[in-house]
file target_12.tsv (TSV, C-alpha atoms)
chain	number	residue	atom	x	y	z
A	1	MET	CA	189.35	-88.90	-151.93
A	2	SER	CA	192.77	-87.58	-150.85
A	3	ASN	CA	194.55	-88.64	-147.69
A	4	ALA	CA	194.04	-85.17	-146.19
A	5	GLU	CA	190.30	-85.35	-146.87
A	6	SER	CA	190.04	-88.83	-145.33
A	7	VAL	CA	191.90	-87.64	-142.22
A	8	ALA	CA	189.53	-84.70	-141.92
A	9	VAL	CA	186.55	-87.01	-142.17
A	10	ARG	CA	187.95	-89.33	-139.50
A	11	VAL	CA	188.82	-86.49	-137.08
A	12	GLU	CA	185.59	-84.52	-137.31
A	13	PRO	CA	183.35	-86.88	-135.30
A	14	ALA	CA	185.94	-87.12	-132.51
A	15	ALA	CA	186.14	-83.31	-132.36
A	16	LYS	CA	182.37	-83.12	-132.01
A	17	VAL	CA	182.45	-85.69	-129.22
A	18	ASP	CA	185.15	-83.72	-127.40
A	19	ILE	CA	183.13	-80.50	-127.68
A	20	SER	CA	180.05	-82.26	-126.37
A	21	ILE	CA	181.97	-83.73	-123.42
A	22	TRP	CA	183.43	-80.39	-122.38
A	23	THR	CA	180.02	-78.72	-122.69
A	24	GLY	CA	178.64	-81.29	-120.27
A	25	VAL	CA	181.56	-80.83	-117.89
A	26	ARG	CA	181.09	-77.06	-117.90
A	27	ARG	CA	177.37	-77.40	-117.19
A	28	GLY	CA	178.07	-79.83	-114.37
A	29	ALA	CA	180.68	-77.50	-112.88
A	30	LEU	CA	178.26	-74.56	-113.07
A	31	ALA	CA	175.56	-76.60	-111.35
A	32	LEU	CA	177.90	-77.57	-108.50
A	33	TYR	CA	179.11	-73.99	-108.27
A	34	ALA	CA	175.52	-72.75	-107.99
A	35	VAL	CA	174.89	-75.21	-105.15
A	36	ALA	CA	178.03	-73.97	-103.38
A	37	LEU	CA	176.91	-70.35	-103.78
A	38	VAL	CA	173.44	-71.08	-102.40
A	39	ALA	CA	175.00	-72.90	-99.44
A	40	TYR	CA	177.33	-69.96	-98.81
A	41	VAL	CA	174.47	-67.45	-98.91
A	42	ALA	CA	172.36	-69.63	-96.60
A	43	THR	CA	175.24	-69.83	-94.12
A	44	TYR	CA	176.87	-66.41	-94.26
A	45	GLY	CA	174.34	-64.20	-96.05
A	46	VAL	CA	174.48	-62.45	-99.41
A	47	PRO	CA	178.08	-61.36	-100.13
A	48	VAL	CA	178.19	-57.57	-100.14
A	49	GLN	CA	181.97	-57.15	-100.01
A	50	ARG	CA	183.28	-56.18	-103.44
A	51	GLU	CA	186.19	-58.62	-103.30
A	52	LEU	CA	183.90	-61.56	-102.54
A	53	VAL	CA	181.49	-60.65	-105.32
A	54	ILE	CA	184.34	-60.42	-107.83
A	55	ALA	CA	185.77	-63.73	-106.58
A	56	TRP	CA	182.43	-65.51	-107.04
A	57	THR	CA	182.03	-63.92	-110.47
A	58	CYS	CA	185.48	-65.06	-111.58
A	59	GLY	CA	184.67	-68.53	-110.27
A	60	VAL	CA	181.73	-68.68	-112.68
A	61	LEU	CA	184.00	-67.57	-115.52
A	62	ALA	CA	186.51	-70.28	-114.58
A	63	CYS	CA	183.73	-72.90	-114.82
A	64	VAL	CA	182.74	-71.53	-118.22
A	65	SER	CA	186.37	-71.77	-119.38
A	66	ILE	CA	186.86	-75.45	-118.47
A	67	GLY	CA	188.18	-77.42	-121.44
A	68	ARG	CA	189.25	-74.34	-123.33
A	69	PRO	CA	192.86	-73.24	-123.91
A	70	PRO	CA	194.72	-72.59	-120.62
A	71	ARG	CA	195.32	-69.00	-121.67
A	72	GLU	CA	191.61	-68.30	-121.08
A	73	MET	CA	192.03	-69.12	-117.40
A	74	LEU	CA	195.06	-66.85	-117.26
A	75	GLN	CA	193.09	-64.17	-119.11
A	76	ILE	CA	190.52	-64.10	-116.31
A	77	VAL	CA	193.26	-63.17	-113.84
A	78	LEU	CA	194.91	-60.63	-116.16
A	79	ASP	CA	191.63	-58.93	-117.04
A	80	TRP	CA	190.17	-58.75	-113.53
A	81	LEU	CA	193.31	-58.06	-111.49
A	82	PRO	CA	193.48	-54.36	-112.47
A	83	ILE	CA	189.84	-53.90	-111.42
A	84	VAL	CA	190.47	-55.56	-108.06
A	85	ALA	CA	193.66	-53.57	-107.49
A	86	VAL	CA	192.17	-50.17	-108.34
A	87	LEU	CA	188.97	-50.76	-106.35
A	88	ALA	CA	190.99	-52.04	-103.37
A	89	VAL	CA	192.99	-48.81	-103.40
A	90	TYR	CA	189.70	-46.93	-103.72
A	91	ASP	CA	188.26	-48.68	-100.67
A	92	PHE	CA	191.40	-48.04	-98.62
A	93	THR	CA	191.73	-44.36	-99.48
A	94	ARG	CA	187.97	-43.75	-99.32
A	95	GLY	CA	188.09	-44.56	-95.64
A	96	ALA	CA	190.83	-41.98	-95.09
A	97	ALA	CA	189.40	-39.27	-97.33
A	98	ASP	CA	187.79	-37.41	-94.43
A	99	SER	CA	191.00	-37.20	-92.37
A	100	LEU	CA	192.77	-34.55	-94.45
A	101	GLY	CA	191.49	-31.57	-92.49
A	102	ILE	CA	188.80	-30.45	-94.95
A	103	GLY	CA	185.57	-29.51	-93.20
A	104	VAL	CA	182.49	-31.67	-93.67
A	105	HIS	CA	179.74	-30.04	-95.72
A	106	PHE	CA	176.19	-30.25	-94.38
A	107	SER	CA	174.23	-27.39	-95.93
A	108	PRO	CA	174.80	-27.26	-99.73
A	109	MET	CA	172.92	-30.52	-100.43
A	110	ILE	CA	170.04	-29.56	-98.12
A	111	ASP	CA	169.78	-26.11	-99.69
A	112	PHE	CA	169.76	-27.59	-103.21
A	113	ASP	CA	167.07	-30.15	-102.42
A	114	ARG	CA	164.90	-27.59	-100.66
A	115	PHE	CA	165.22	-25.23	-103.61
A	116	VAL	CA	164.32	-27.91	-106.18
A	117	PHE	CA	161.49	-29.42	-104.10
A	118	LEU	CA	160.03	-26.13	-102.90
A	119	GLY	CA	161.06	-26.07	-99.29
A	120	GLY	CA	161.47	-29.71	-98.26
A	121	THR	CA	163.85	-32.57	-98.97
A	122	PRO	CA	162.71	-35.84	-100.57
A	123	THR	CA	164.32	-37.82	-97.74
A	124	GLU	CA	162.24	-36.06	-95.07
A	125	TRP	CA	159.03	-36.48	-97.08
A	126	LEU	CA	159.64	-40.15	-97.90
A	127	GLN	CA	160.59	-41.10	-94.34
A	128	SER	CA	157.61	-39.24	-92.89
A	129	HIS	CA	155.35	-41.45	-95.02
A	130	LEU	CA	157.29	-44.74	-95.02
A	131	TYR	CA	159.38	-45.04	-91.85
A	132	ARG	CA	157.86	-47.36	-89.22
A	133	PRO	CA	159.91	-47.66	-85.99
A	134	GLY	CA	160.29	-51.26	-84.90
A	135	ALA	CA	158.48	-52.66	-87.95
A	136	VAL	CA	159.68	-53.94	-91.32
A	137	ALA	CA	157.32	-53.19	-94.22
A	138	TRP	CA	157.47	-54.72	-97.69
A	139	TRP	CA	158.97	-51.53	-99.07
A	140	ASP	CA	161.83	-51.79	-96.54
A	141	VAL	CA	162.65	-55.19	-98.03
A	142	ALA	CA	162.44	-53.74	-101.56
A	143	PHE	CA	164.71	-50.85	-100.62
A	144	THR	CA	167.27	-53.20	-99.08
A	145	LEU	CA	167.32	-55.43	-102.16
A	146	VAL	CA	167.67	-52.49	-104.55
A	147	TYR	CA	170.41	-50.96	-102.40
A	148	THR	CA	172.28	-54.29	-102.18
A	149	SER	CA	172.12	-54.79	-105.95
A	150	TYR	CA	174.79	-52.08	-106.25
A	151	PHE	CA	177.33	-54.48	-104.78
A	152	ILE	CA	176.46	-57.27	-107.21
A	153	VAL	CA	174.98	-56.05	-110.50
A	154	PRO	CA	177.96	-54.09	-111.94
A	155	PHE	CA	180.27	-57.08	-111.49
A	156	ALA	CA	177.68	-59.57	-112.71
A	157	VAL	CA	177.33	-57.42	-115.84
A	158	ALA	CA	181.12	-57.30	-116.20
A	159	GLY	CA	181.32	-61.09	-115.89
A	160	THR	CA	178.60	-61.61	-118.51
A	161	LEU	CA	180.36	-59.23	-120.87
A	162	TRP	CA	183.67	-61.03	-120.35
A	163	ALA	CA	182.09	-64.36	-121.25
A	164	ARG	CA	180.38	-63.00	-124.36
A	165	ASP	CA	182.43	-60.07	-125.64
A	166	ARG	CA	185.82	-59.33	-124.10
A	167	LEU	CA	186.15	-55.97	-125.89
A	168	ALA	CA	182.85	-54.83	-124.37
A	169	PHE	CA	184.11	-56.05	-120.98
A	170	LEU	CA	187.28	-54.01	-121.29
A	171	ARG	CA	185.32	-50.90	-122.22
A	172	PHE	CA	182.89	-51.38	-119.36
A	173	SER	CA	185.67	-52.01	-116.82
A	174	ARG	CA	187.49	-48.83	-117.89
A	175	ARG	CA	184.36	-46.83	-117.25
A	176	LEU	CA	183.70	-48.53	-113.93
A	177	VAL	CA	187.20	-47.85	-112.63
A	178	SER	CA	187.18	-44.27	-113.95
A	179	LEU	CA	183.90	-43.61	-112.17
A	180	ALA	CA	185.30	-44.95	-108.88
A	181	VAL	CA	188.39	-42.74	-109.20
A	182	ALA	CA	186.29	-39.67	-110.04
A	183	GLY	CA	184.09	-40.33	-107.02
A	184	LEU	CA	187.09	-40.75	-104.73
A	185	ALA	CA	188.61	-37.47	-105.93
A	186	THR	CA	185.35	-35.70	-105.11
A	187	TYR	CA	185.12	-37.31	-101.67
A	188	ILE	CA	188.58	-35.98	-100.86
A	189	ALA	CA	187.86	-32.46	-102.12
A	190	PHE	CA	184.30	-32.26	-100.81
A	191	PRO	CA	183.52	-34.37	-97.71
A	192	ALA	CA	179.76	-34.31	-97.32
A	193	ALA	CA	177.38	-35.56	-94.66
A	194	PRO	CA	174.51	-37.84	-95.73
A	195	PRO	CA	170.91	-37.10	-94.66
A	196	TRP	CA	170.93	-39.52	-91.73
A	197	MET	CA	173.95	-37.72	-90.27
A	198	ALA	CA	172.27	-34.34	-90.80
A	199	GLY	CA	169.27	-35.77	-88.94
A	200	GLU	CA	171.49	-36.79	-86.02
A	201	ASN	CA	172.81	-33.22	-85.91
A	202	GLY	CA	169.34	-31.67	-85.91
A	203	LEU	CA	169.53	-30.22	-89.43
A	204	LEU	CA	166.77	-32.50	-90.74
A	205	SER	CA	163.72	-33.76	-88.92
A	206	GLU	CA	163.36	-37.46	-88.07
A	207	VAL	CA	165.73	-38.97	-90.66
A	208	HIS	CA	167.08	-42.47	-90.03
A	209	ARG	CA	169.50	-44.78	-91.82
A	210	THR	CA	167.41	-47.77	-92.89
A	211	THR	CA	169.29	-49.38	-95.80
A	212	GLY	CA	169.77	-52.70	-93.98
A	213	LYS	CA	166.30	-52.89	-92.44
A	214	GLY	CA	165.04	-55.48	-94.91
A	215	TRP	CA	167.75	-57.95	-93.92
A	216	GLU	CA	166.05	-58.35	-90.57
A	217	VAL	CA	163.53	-60.62	-92.30
A	218	LEU	CA	165.64	-61.80	-95.24
A	219	SER	CA	169.00	-62.87	-93.79
A	220	VAL	CA	170.52	-62.58	-90.34
A	221	GLY	CA	174.04	-63.10	-91.69
A	222	THR	CA	173.83	-60.20	-94.10
A	223	VAL	CA	172.71	-57.85	-91.34
A	224	GLY	CA	176.10	-58.33	-89.67
A	225	LEU	CA	177.95	-57.80	-92.95
A	226	PHE	CA	176.02	-54.60	-93.57
A	227	GLU	CA	176.64	-53.23	-90.12
A	228	LYS	CA	180.34	-54.05	-90.31
A	229	GLY	CA	180.71	-52.47	-93.76
A	230	GLN	CA	178.83	-49.32	-92.80
A	231	ALA	CA	180.83	-48.96	-89.60
A	232	THR	CA	184.20	-49.10	-91.38
A	233	ALA	CA	183.36	-46.99	-94.46
A	234	ASN	CA	183.98	-43.28	-94.74
A	235	LEU	CA	180.73	-41.83	-93.43
A	236	VAL	CA	181.14	-38.52	-95.28
A	237	ALA	CA	181.84	-39.96	-98.74
A	238	ALA	CA	178.38	-39.03	-99.97
A	239	VAL	CA	178.85	-36.68	-102.94
A	240	PRO	CA	178.37	-37.97	-105.55
A	241	SER	CA	176.39	-41.12	-104.83
A	242	LEU	CA	178.37	-43.95	-106.42
A	243	HIS	CA	175.37	-46.21	-105.87
A	244	SER	CA	173.49	-43.91	-108.21
A	245	ALA	CA	176.45	-43.50	-110.57
A	246	PHE	CA	177.29	-47.21	-110.98
A	247	VAL	CA	173.67	-48.14	-111.60
A	248	ALA	CA	173.31	-45.36	-114.18
A	249	LEU	CA	176.52	-46.55	-115.84
A	250	VAL	CA	175.11	-50.07	-116.13
A	251	ALA	CA	171.88	-48.76	-117.65
A	252	ILE	CA	173.59	-46.45	-120.15
A	253	PHE	CA	176.20	-49.02	-121.19
A	254	LEU	CA	173.67	-51.81	-121.72
A	255	TRP	CA	171.05	-49.64	-123.42
A	256	PRO	CA	172.22	-50.21	-127.02
A	257	ARG	CA	173.11	-53.84	-126.27
A	258	VAL	CA	169.70	-55.11	-125.13
A	259	LYS	CA	166.41	-55.63	-126.94
A	260	PRO	CA	163.97	-52.67	-126.81
A	261	ALA	CA	161.60	-54.68	-124.60
A	262	TRP	CA	164.21	-54.65	-121.80
A	263	ARG	CA	164.96	-50.93	-121.98
A	264	PRO	CA	162.12	-49.78	-119.70
A	265	LEU	CA	163.64	-51.91	-116.93
A	266	LEU	CA	167.05	-50.37	-117.57
A	267	ALA	CA	165.49	-46.91	-117.31
A	268	LEU	CA	163.65	-47.81	-114.09
A	269	TYR	CA	166.74	-49.21	-112.36
A	270	PRO	CA	168.51	-45.85	-111.74
A	271	ILE	CA	165.18	-44.32	-110.70
A	272	ALA	CA	164.50	-47.15	-108.24
A	273	MET	CA	168.00	-46.77	-106.82
A	274	GLY	CA	167.58	-43.02	-106.51
A	275	VAL	CA	164.30	-43.36	-104.61
A	276	THR	CA	165.85	-46.04	-102.41
A	277	LEU	CA	168.84	-43.90	-101.51
A	278	MET	CA	166.66	-40.94	-100.57
A	279	ALA	CA	164.04	-43.00	-98.71
A	280	THR	CA	166.65	-44.79	-96.58
A	281	GLY	CA	168.48	-41.63	-95.54
A	282	GLU	CA	171.67	-42.46	-97.46
A	283	HIS	CA	171.66	-39.64	-100.00
A	284	TYR	CA	170.05	-36.42	-101.07
A	285	PHE	CA	168.59	-35.87	-104.53
A	286	PHE	CA	171.67	-33.67	-105.10
A	287	ASP	CA	173.97	-36.67	-104.57
A	288	VAL	CA	171.84	-38.93	-106.77
A	289	ALA	CA	171.61	-36.46	-109.64
A	290	LEU	CA	175.33	-35.76	-109.46
A	291	GLY	CA	175.97	-39.51	-109.66
A	292	TRP	CA	173.93	-39.65	-112.86
A	293	ILE	CA	175.93	-36.73	-114.26
A	294	TYR	CA	179.24	-38.41	-113.38
A	295	ALA	CA	178.14	-41.63	-115.10
A	296	GLY	CA	177.11	-39.72	-118.22
A	297	ALA	CA	180.37	-37.77	-118.25
A	298	VAL	CA	182.49	-40.94	-117.92
A	299	MET	CA	180.52	-42.63	-120.70
A	300	ALA	CA	180.89	-39.60	-122.96
A	301	GLY	CA	184.59	-39.18	-122.19
A	302	TRP	CA	185.47	-42.79	-122.98
A	303	ALA	CA	183.27	-42.81	-126.08
A	304	TRP	CA	185.17	-39.77	-127.34
A	305	TRP	CA	188.55	-41.33	-126.54
A	306	GLU	CA	187.71	-44.65	-128.17
A	307	GLY	CA	186.26	-42.91	-131.19
A	308	ARG	CA	189.41	-40.83	-131.47
A	309	GLY	CA	191.49	-44.02	-131.46
A	310	ALA	CA	189.31	-45.60	-134.13
A	311	GLU	CA	189.70	-42.52	-136.32
A	312	ALA	CA	193.48	-42.64	-135.88
A	313	GLU	CA	193.54	-46.31	-136.91
A	314	GLY	CA	191.29	-45.60	-139.88
A	315	GLY	CA	193.45	-42.68	-140.95
call {"tool": "encode", "arguments": {"input": "target_12.tsv", "output": "structure tokens"}}
result
Amino acid sequence: MSNAESVAVRVEPAAKVDISIWTGVRRGALALYAVALVAYVATYGVPVQRELVIAWTCGVLACVSIGRPPREMLQIVLDWLPIVAVLAVYDFTRGAADSLGIGVHFSPMIDFDRFVFLGGTPTEWLQSHLYRPGAVAWWDVAFTLVYTSYFIVPFAVAGTLWARDRLAFLRFSRRLVSLAVAGLATYIAFPAAPPWMAGENGLLSEVHRTTGKGWEVLSVGTVGLFEKGQATANLVAAVPSLHSAFVALVAIFLWPRVKPAWRPLLALYPIAMGVTLMATGEHYFFDVALGWIYAGAVMAGWAWWEGRGAEAEGG
């Protein structure tokens, strides 16, 4: 046996021990992190601010990266900073999008929904059957949970992709940011009132904003966060529905990456979000459908661009 071979034999067990130690450390860090997250939620409610969700997600990735080359920790910052920066600009400008002197649109969405649904809007029909003043039904809790998932699921998916396949993460993040920018551009060009606002102005009958109703029995802390967020957001940034668009983007992006058994759930997710948005007075079917179209267009546009780049490299 050569000296090199004997060195390799001596080093190999130590390397295995080191790997095993770091695996245990990472698992321990994740367990402590989970306890901290549960304690935070119990104290302050479910985080629905985008910056907080991203921060918690990156914290998980930092735990997963313990014991690995320092550049992985730096990579978390480099990969996520552009997302945070662009979405922060989006949030800031979204709130000012209705102050540019363009009139708020009330009728086009109502007219579209009434045409498609033969005289009525889905929001009016759903609330006439489901809305209970002063009471919280099980479907109110379901609607609140589905609605809230919009603030968490896209970034949880991004974090999972980063941990497993950084190229897939980069592709997903490009689409996510592009969708936010496309939505913002539309909000600026076409300020639109949601159904609950049309109800307040007498254009729809008995329509109420009930997205946070479920938190009355789930979490007191989150009720305050919801009310604060809804009070400071641009109230006429309704077309398209980015809730609908982001959820559709998640479903379309993950479709080829999951086992066939999971695909029915992926297909149901955008539908559940669409029903939730209409039932809670947040959006018309017009807004929801346009969100789906935006998600499909962004997916198709990036697929074409990335395919074009691959062809250029192959050529």
call {"tool": "closest_atom_pairs", "arguments": {"input": "target_12.tsv", "of": "segment 201-308 of chain A", "to": "segment 153-173 of chain A", "cutoff": "9 Å", "atoms": "all atoms listed in the file", "output": "JSON lines"}}
result
{"residue": "A:Phe246", "atom": "CA", "partner": "A:Pro154", "partner_atom": "CA", "distance": 7.0}
{"residue": "A:Val247", "atom": "CA", "partner": "A:Pro154", "partner_atom": "CA", "distance": 7.3}
{"residue": "A:Leu249", "atom": "CA", "partner": "A:Pro154", "partner_atom": "CA", "distance": 8.6}
{"residue": "A:Val250", "atom": "CA", "partner": "A:Pro154", "partner_atom": "CA", "distance": 6.5}
{"residue": "A:Phe253", "atom": "CA", "partner": "A:Phe172", "partner_atom": "CA", "distance": 7.3}
{"residue": "A:Leu254", "atom": "CA", "partner": "A:Val157", "partner_atom": "CA", "distance": 8.9}
{"residue": "A:Trp302", "atom": "CA", "partner": "A:Arg171", "partner_atom": "CA", "distance": 8.1}
{"residue": "A:Glu306", "atom": "CA", "partner": "A:Arg171", "partner_atom": "CA", "distance": 9.0}
call {"tool": "atom_distance", "arguments": {"input": "target_12.tsv", "atom1": "atom CA of Ile110 of chain A", "atom2": "atom CA of Pro194 of chain A"}}
result
9.7 Å
call {"tool": "atom_distance", "arguments": {"input": "target_12.tsv", "atom1": "atom CA of Ser107 of chain A", "atom2": "atom CA of Leu242 of chain A"}}
result
20.0 Å
call {"tool": "residues_around", "arguments": {"input": "target_12.tsv", "residues": "Thr186 of chain A", "least_positions_apart": "4", "cutoff": "8 Å", "atoms": "all atoms listed in the file", "output": "ChimeraX atom specification"}}
result
/A:182,190-191,239-240
call {"tool": "atom_distance", "arguments": {"input": "target_12.tsv", "atom1": "atom CA of Leu204 of chain A", "atom2": "atom CA of Ala237 of chain A"}}
result
18.6 Å
call {"tool": "closest_residue", "arguments": {"input": "target_12.tsv", "among": "A:Tyr147, A:Tyr40, A:Trp304, A:Trp255", "to": "Met278 of chain A", "atoms": "all atoms listed in the file"}}
result
A:Tyr147
call {"tool": "residues_around", "arguments": {"input": "target_12.tsv", "residues": "Arg132 of chain A", "least_positions_apart": "4", "cutoff": "12 Å", "atoms": "only C-alpha atoms", "output": "ChimeraX atom specification"}}
result
/A:126-128,136-140,206-208,210,213,280
call {"tool": "closest_residue", "arguments": {"input": "target_12.tsv", "among": "A:Leu266, A:Met299, A:Val84, A:Ala245", "to": "Ala55 of chain A", "atoms": "all atoms listed in the file"}}
result
A:Val84
call {"tool": "closest_residue", "arguments": {"input": "target_12.tsv", "among": "A:Val41, A:Ala29, A:Tyr294, A:Pro195", "to": "Glu124 of chain A", "atoms": "all atoms listed in the file"}}
result
A:Pro195
